[in-house]
Amino acid sequence: MRSHRSQRSRRPGGARDHSAGRLPWAVWRTTPSRSEQVTGAHRNRPASPGVWHRHGDTAGTSPDLGGSSMKIGIIGAGNIGGNLTRRLTALGHDVSVANSRGPHTLAELAAETGATPVTAAEAARGAEVVVVTVPLKAVPDLPSGLFAEAAPGAAVIDTGNYYPKERDGRIAAIEAGLPESRWTEQHLGHPVVKAFNGTYAQDILERPLPAGHPERMALPVAGDDEAAKETVRRLIDELGFDTVDAGGIDESWRQQPATPVYGLRAGAEAVAKALAEASRKRPAAFTA
Ligand SMILES: NC(=O)c1ccc[n+]([C@@H]2O[C@H](COP(=O)([O-])OP(=O)(O)OC[C@H]3O[C@@H](n4cnc5c(N)ncnc54)[C@H](OP(=O)(O)O)[C@@H]3O)[C@@H](O)[C@H]2O)c1
């Protein structure tokens with residue numbers, strides 16, 4: 001089995017590595033099984049953000065969501081949206097997927113996966129989980145009222161990253177310090193859970209590991225809606241990855257591009273440490 005631990009490589013969006021700031025962060029294990037708690041010394045972090053690993057299951061099987069299939073809408077069918085469509089359909093979820101050009105352009109992905117191609121406006125209809133995975137600059141173009149017909153309490157996953165120089169152009173509010181996911185949720189009009197933004201798209205297909213595997217990767221997950229965050233963490237567990245609770249959206253800058261955790265392929269403790277070491281200062285390459 002190839003080692004996934006503490007590898008660092010080119011960033012998920014395509015270019016390079018990053019640096020760290022310095023903040024204390026404590027990590028401890030409480031039990032050898034399901035729960036592992038992480039706490040941060042930063043003032044805005046919740047009292048006991050958690051890290052958990054589930055043991056005794058195999059990546060690719062439905063775990064203790066009751067093994068139930070969820071209705072999931074995916075808006076964006078590119079690198080991330082396409083691979084999430086592949087994995088989530090394989091796990092038995094009822095997936096609808098949308099892009100900018102219309103359902104007729106998604107016939108191949110639909111035939112491959114069994115997902116239902118829809119318009120972006122339809123993707124959230126009845127969905128318990130919605131993944132928004134479009135370029136950041138496209139977020140304001142998404143239909144208004146996107147979540148009006150989503151299931152009550154739907155968890156909305158934001159995978160987005162701000163690449164001002166290469167793709168998105170200057171966004172003044174983010175340059176002024178607004179966390180990228182806060183900007184996105186303001187446009188969406190719905191709370192988001194930030195996840196997968198620092199995960200290489202191919203890792204979603206290639207690096208799932210069974211719960212309890214010593215080389216299982218962990219992904220940071222941030223969000224203000226604790227129930228939605230829990231839903232997302234369980235789904236990521238089902239996909240074959242551990243998670244680290246990275247706090248609320250005000251703290252989610254810790255996992256933005258150019259932070260130590262961004263693109264980090266490592267387990268929960270290393271991910272928690274990287275979150276703690278993040279610097280709020282945005283490197284020149286990520287400003288405009
Ligand atoms: N690539 C990675 O490894 C990676 C990793 C982590 C996070 N991310 C982040 O996740 C987001 C998506 O990245 P990606 O690489 O998957 O992007 P991508 O390959 O460029 O795909 C973007 C998708 O969004 C769709 N889209 C664009 N505007 C839309 C609109 N107005 N309505 C509906 N769909 C729209 C596109 O549709 P069309 O195909 O019809 O144009 C396309 O399917 C970005 O913010 C990126 O930074 C990427």
# chains A, B, ... in the order shown; residues from 1 in each chain; ligands from 1
>>> closest_atom_pairs(of="chain A", to="ligand 1", cutoff="8 Å", atoms="only C-alpha atoms and all ligand atoms", output="tab-separated table")
residue	atom	partner	partner_atom_place_in_ligand_line	distance
A:Arg11	CA	ligand 1	3 (O)	7.9
A:Pro12	CA	ligand 1	3 (O)	4.2
A:Gly13	CA	ligand 1	2 (C)	4.7
A:Gly14	CA	ligand 1	3 (O)	7.2
A:Ile75	CA	ligand 1	34 (N)	5.6
A:Gly76	CA	ligand 1	24 (O)	3.6
A:Ala77	CA	ligand 1	43 (O)	3.5
A:Gly78	CA	ligand 1	21 (O)	3.2
A:Asn79	CA	ligand 1	16 (O)	3.7
A:Ile80	CA	ligand 1	16 (O)	3.8
A:Gly81	CA	ligand 1	16 (O)	5.4
A:Gly82	CA	ligand 1	16 (O)	7.3
A:Ala98	CA	ligand 1	33 (C)	6.0
A:Asn99	CA	ligand 1	34 (N)	3.5
A:Ser100	CA	ligand 1	40 (O)	3.7
A:Arg101	CA	ligand 1	40 (O)	4.0
A:Gly102	CA	ligand 1	40 (O)	6.8
A:Thr105	CA	ligand 1	40 (O)	7.5
A:Thr119	CA	ligand 1	33 (C)	7.6
A:Ala120	CA	ligand 1	33 (C)	5.3
A:Val132	CA	ligand 1	11 (C)	7.8
A:Thr133	CA	ligand 1	12 (C)	4.3
A:Val134	CA	ligand 1	24 (O)	3.7
A:Pro135	CA	ligand 1	45 (O)	4.0
A:Leu136	CA	ligand 1	45 (O)	4.9
A:Ala138	CA	ligand 1	28 (N)	4.8
A:Val139	CA	ligand 1	31 (N)	6.6
A:Pro140	CA	ligand 1	31 (N)	7.8
A:Asp141	CA	ligand 1	31 (N)	4.9
A:Leu142	CA	ligand 1	31 (N)	4.9
A:Pro143	CA	ligand 1	32 (N)	7.8
A:Asp158	CA	ligand 1	10 (O)	7.8
A:Thr159	CA	ligand 1	10 (O)	4.6
A:Gly160	CA	ligand 1	45 (O)	3.3
A:Asn161	CA	ligand 1	47 (O)	4.1
A:Tyr162	CA	ligand 1	47 (O)	6.5
A:Tyr163	CA	ligand 1	47 (O)	7.1
A:Phe196	CA	ligand 1	6 (C)	5.5
A:Asn197	CA	ligand 1	7 (C)	3.7
A:Gly198	CA	ligand 1	6 (C)	4.8
A:Thr199	CA	ligand 1	6 (C)	4.8
A:Tyr200	CA	ligand 1	3 (O)	4.0
A:Ala201	CA	ligand 1	3 (O)	3.9
A:Gln202	CA	ligand 1	3 (O)	6.9
>>> residues_around(residues="Arg280 (chain A)", least_positions_apart="5", cutoff="9 Å", atoms="only C-alpha atoms", output="list in words")
Gly21, Gly177, Trp253, Arg254 and Thr259 of chain A
>>> closest_residue(among="A:Ala124, A:Ala284, A:Ala150, A:Val129", to="Leu235 (chain A)", atoms="only C-alpha atoms")
A:Val129
>>> residues_around(residues="Leu209 (chain A)", least_positions_apart="3", cutoff="7 Å", atoms="only C-alpha atoms", output="ChimeraX atom specification")
/A:59,213,216,240-241
>>> write_last_selection(atoms="N, CA and C atoms", output="JSON list (two decimals), in the first residue's frame")
[["chain", "number", "residue", "atom", "x", "y", "z"],
["A", 59, "ALA", "N", -13.94, 1.47, 3.49],
["A", 59, "ALA", "CA", -14.27, 2.57, 2.60],
["A", 59, "ALA", "C", -15.09, 2.02, 1.46],
["A", 213, "HIS", "N", -7.64, 2.59, 9.12],
["A", 213, "HIS", "CA", -6.37, 2.34, 8.44],
["A", 213, "HIS", "C", -5.35, 3.40, 8.87],
["A", 216, "ARG", "N", -4.98, 6.40, 6.56],
["A", 216, "ARG", "CA", -6.18, 7.09, 6.06],
["A", 216, "ARG", "C", -5.98, 8.61, 6.14],
["A", 240, "GLY", "N", -14.42, 7.46, 2.63],
["A", 240, "GLY", "CA", -13.12, 6.84, 2.88],
["A", 240, "GLY", "C", -12.06, 7.75, 3.47],
["A", 241, "PHE", "N", -12.49, 8.81, 4.15],
["A", 241, "PHE", "CA", -11.53, 9.75, 4.76],
["A", 241, "PHE", "C", -11.97, 10.10, 6.18]]
>>> select_by_dssp(residues="region 110-173 of chain A", states="strand (DSSP E)", output="VMD selection string")
chain A and resid 116 to 117 129 to 132 155 to 158
>>> write_last_selection(atoms="N, CA and C atoms", output="mmCIF file, in the first residue's frame")
data_model
loop_
_atom_site.group_PDB
_atom_site.id
_atom_site.type_symbol
_atom_site.label_atom_id
_atom_site.label_comp_id
_atom_site.auth_asym_id
_atom_site.auth_seq_id
_atom_site.Cartn_x
_atom_site.Cartn_y
_atom_site.Cartn_z
ATOM 1 N N THR A 116 -28.434 11.625 -12.184
ATOM 2 C CA THR A 116 -29.449 12.291 -13.004
ATOM 3 C C THR A 116 -28.950 13.671 -13.406
ATOM 4 N N PRO A 117 -28.807 13.938 -14.711
ATOM 5 C CA PRO A 117 -28.396 15.278 -15.119
ATOM 6 C C PRO A 117 -29.559 16.257 -15.007
ATOM 7 N N VAL A 129 -28.152 16.880 0.916
ATOM 8 C CA VAL A 129 -26.804 17.442 0.792
ATOM 9 C C VAL A 129 -26.686 18.041 -0.604
ATOM 10 N N VAL A 130 -26.151 19.267 -0.661
ATOM 11 C CA VAL A 130 -25.884 19.910 -1.950
ATOM 12 C C VAL A 130 -24.407 20.275 -1.968
ATOM 13 N N VAL A 131 -23.734 19.929 -3.042
ATOM 14 C CA VAL A 131 -22.328 20.300 -3.185
ATOM 15 C C VAL A 131 -22.240 21.410 -4.225
ATOM 16 N N VAL A 132 -21.685 22.546 -3.819
ATOM 17 C CA VAL A 132 -21.453 23.639 -4.767
ATOM 18 C C VAL A 132 -19.973 23.607 -5.117
ATOM 19 N N ALA A 155 -27.557 20.233 4.096
ATOM 20 C CA ALA A 155 -26.149 20.594 4.259
ATOM 21 C C ALA A 155 -25.606 21.009 2.901
ATOM 22 N N VAL A 156 -25.040 22.208 2.827
ATOM 23 C CA VAL A 156 -24.491 22.709 1.569
ATOM 24 C C VAL A 156 -22.968 22.743 1.679
ATOM 25 N N ILE A 157 -22.332 21.938 0.881
ATOM 26 C CA ILE A 157 -20.866 21.851 0.903
ATOM 27 C C ILE A 157 -20.295 22.841 -0.104
ATOM 28 N N ASP A 158 -19.342 23.629 0.359
ATOM 29 C CA ASP A 158 -18.623 24.577 -0.508
ATOM 30 C C ASP A 158 -17.200 24.057 -0.690
#
>>> atom_distance(atom1="CA of Ile72 (chain A)", atom2="CA of Leu275 (chain A)")
28.4 Å
>>> atom_distance(atom1="CA of Ala151 (chain A)", atom2="CA of Gln186 (chain A)")
19.7 Å
>>> atom_distance(atom1="CA of Pro103 (chain A)", atom2="CA of His187 (chain A)")
23.5 Å
>>> closest_residue(among="A:Met70, A:Val261, A:Ala211, A:Ala222", to="Asp242 (chain A)", atoms="only C-alpha atoms")
A:Ala211
>>> select_by_dssp(residues="region 203-259 of chain A", states="alpha helix (DSSP H)", output="CSV table (one decimal) with C-alpha atoms, in the first residue's frame")
chain,number,residue,atom,x,y,z
A,203,ASP,CA,-7.7,11.7,-4.4
A,204,ILE,CA,-11.4,11.4,-4.1
A,205,LEU,CA,-11.1,8.4,-6.4
A,206,GLU,CA,-7.7,7.1,-5.6
A,226,GLU,CA,-23.2,21.8,13.6
A,227,ALA,CA,-25.9,19.4,12.4
A,228,ALA,CA,-25.0,20.1,8.7
A,229,LYS,CA,-21.3,19.7,9.6
A,230,GLU,CA,-21.9,16.4,11.2
A,231,THR,CA,-23.8,15.2,8.1
A,232,VAL,CA,-20.9,16.2,5.9
A,233,ARG,CA,-18.3,14.5,8.2
A,234,ARG,CA,-20.3,11.3,8.1
A,235,LEU,CA,-20.5,11.4,4.4
A,236,ILE,CA,-16.8,12.1,4.1
A,237,ASP,CA,-16.2,9.1,6.4
A,238,GLU,CA,-18.3,7.0,4.1
A,239,LEU,CA,-16.2,8.2,1.2
>>> closest_residue(among="A:Glu175, A:Glu269, A:Glu180, A:Asp224", to="Val244 (chain A)", atoms="only C-alpha atoms")
A:Glu269
>>> closest_residue(among="A:Glu166, A:Asn83, A:Arg265, A:Gly73", to="Glu149 (chain A)", atoms="only C-alpha atoms")
A:Gly73
>>> closest_residue(among="A:Ile171, A:Leu106, A:Ile74, A:Ala278", to="Glu128 (chain A)", atoms="only C-alpha atoms")
A:Ile74
>>> decode(residues="region 215-266 of chain A", atoms="C-alpha atoms", output="PDB file, in the first residue's frame")
ATOM      1  CA  GLU A 215      -2.642   5.843   6.470  1.00  0.00           C
ATOM      2  CA  ARG A 216      -6.176   7.092   6.064  1.00  0.00           C
ATOM      3  CA  MET A 217      -6.181  10.760   5.050  1.00  0.00           C
ATOM      4  CA  ALA A 218      -8.124  13.336   7.045  1.00  0.00           C
ATOM      5  CA  LEU A 219      -9.900  16.349   5.584  1.00  0.00           C
ATOM      6  CA  PRO A 220     -10.638  19.584   7.457  1.00  0.00           C
ATOM      7  CA  VAL A 221     -14.305  20.522   7.666  1.00  0.00           C
ATOM      8  CA  ALA A 222     -15.524  23.962   8.781  1.00  0.00           C
ATOM      9  CA  GLY A 223     -19.047  25.219   9.268  1.00  0.00           C
ATOM     10  CA  ASP A 224     -21.351  27.063  11.640  1.00  0.00           C
ATOM     11  CA  ASP A 225     -24.300  24.672  11.374  1.00  0.00           C
ATOM     12  CA  GLU A 226     -23.213  21.804  13.604  1.00  0.00           C
ATOM     13  CA  ALA A 227     -25.859  19.398  12.353  1.00  0.00           C
ATOM     14  CA  ALA A 228     -24.951  20.073   8.732  1.00  0.00           C
ATOM     15  CA  LYS A 229     -21.274  19.710   9.555  1.00  0.00           C
ATOM     16  CA  GLU A 230     -21.924  16.365  11.206  1.00  0.00           C
ATOM     17  CA  THR A 231     -23.820  15.175   8.120  1.00  0.00           C
ATOM     18  CA  VAL A 232     -20.901  16.192   5.931  1.00  0.00           C
ATOM     19  CA  ARG A 233     -18.341  14.541   8.198  1.00  0.00           C
ATOM     20  CA  ARG A 234     -20.252  11.286   8.143  1.00  0.00           C
ATOM     21  CA  LEU A 235     -20.512  11.449   4.379  1.00  0.00           C
ATOM     22  CA  ILE A 236     -16.764  12.051   4.065  1.00  0.00           C
ATOM     23  CA  ASP A 237     -16.163   9.113   6.388  1.00  0.00           C
ATOM     24  CA  GLU A 238     -18.327   7.020   4.100  1.00  0.00           C
ATOM     25  CA  LEU A 239     -16.212   8.219   1.177  1.00  0.00           C
ATOM     26  CA  GLY A 240     -13.119   6.840   2.881  1.00  0.00           C
ATOM     27  CA  PHE A 241     -11.534   9.745   4.756  1.00  0.00           C
ATOM     28  CA  ASP A 242     -11.280  10.896   8.355  1.00  0.00           C
ATOM     29  CA  THR A 243     -12.249  14.460   9.172  1.00  0.00           C
ATOM     30  CA  VAL A 244     -10.997  17.196  11.474  1.00  0.00           C
ATOM     31  CA  ASP A 245     -13.435  19.765  12.798  1.00  0.00           C
ATOM     32  CA  ALA A 246     -11.845  23.030  11.699  1.00  0.00           C
ATOM     33  CA  GLY A 247     -14.317  25.216  13.579  1.00  0.00           C
ATOM     34  CA  GLY A 248     -16.795  27.694  12.137  1.00  0.00           C
ATOM     35  CA  ILE A 249     -16.679  29.672   8.913  1.00  0.00           C
ATOM     36  CA  ASP A 250     -14.931  32.565  10.681  1.00  0.00           C
ATOM     37  CA  GLU A 251     -12.036  30.138  11.169  1.00  0.00           C
ATOM     38  CA  SER A 252     -12.191  28.630   7.704  1.00  0.00           C
ATOM     39  CA  TRP A 253      -9.366  30.818   6.393  1.00  0.00           C
ATOM     40  CA  ARG A 254      -7.150  28.195   8.056  1.00  0.00           C
ATOM     41  CA  GLN A 255      -7.856  25.823   5.172  1.00  0.00           C
ATOM     42  CA  GLN A 256      -7.828  28.308   2.295  1.00  0.00           C
ATOM     43  CA  PRO A 257      -5.225  28.173  -0.497  1.00  0.00           C
ATOM     44  CA  ALA A 258      -1.623  28.681   0.622  1.00  0.00           C
ATOM     45  CA  THR A 259      -2.225  27.469   4.160  1.00  0.00           C
ATOM     46  CA  PRO A 260      -0.287  24.468   5.511  1.00  0.00           C
ATOM     47  CA  VAL A 261      -3.310  22.173   5.386  1.00  0.00           C
ATOM     48  CA  TYR A 262      -4.153  23.017   1.788  1.00  0.00           C
ATOM     49  CA  GLY A 263      -3.197  20.002  -0.296  1.00  0.00           C
ATOM     50  CA  LEU A 264      -1.821  18.166   2.715  1.00  0.00           C
ATOM     51  CA  ARG A 265      -2.185  14.402   2.430  1.00  0.00           C
ATOM     52  CA  ALA A 266      -1.986  13.282   6.023  1.00  0.00           C
TER      53      ALA A 266
END
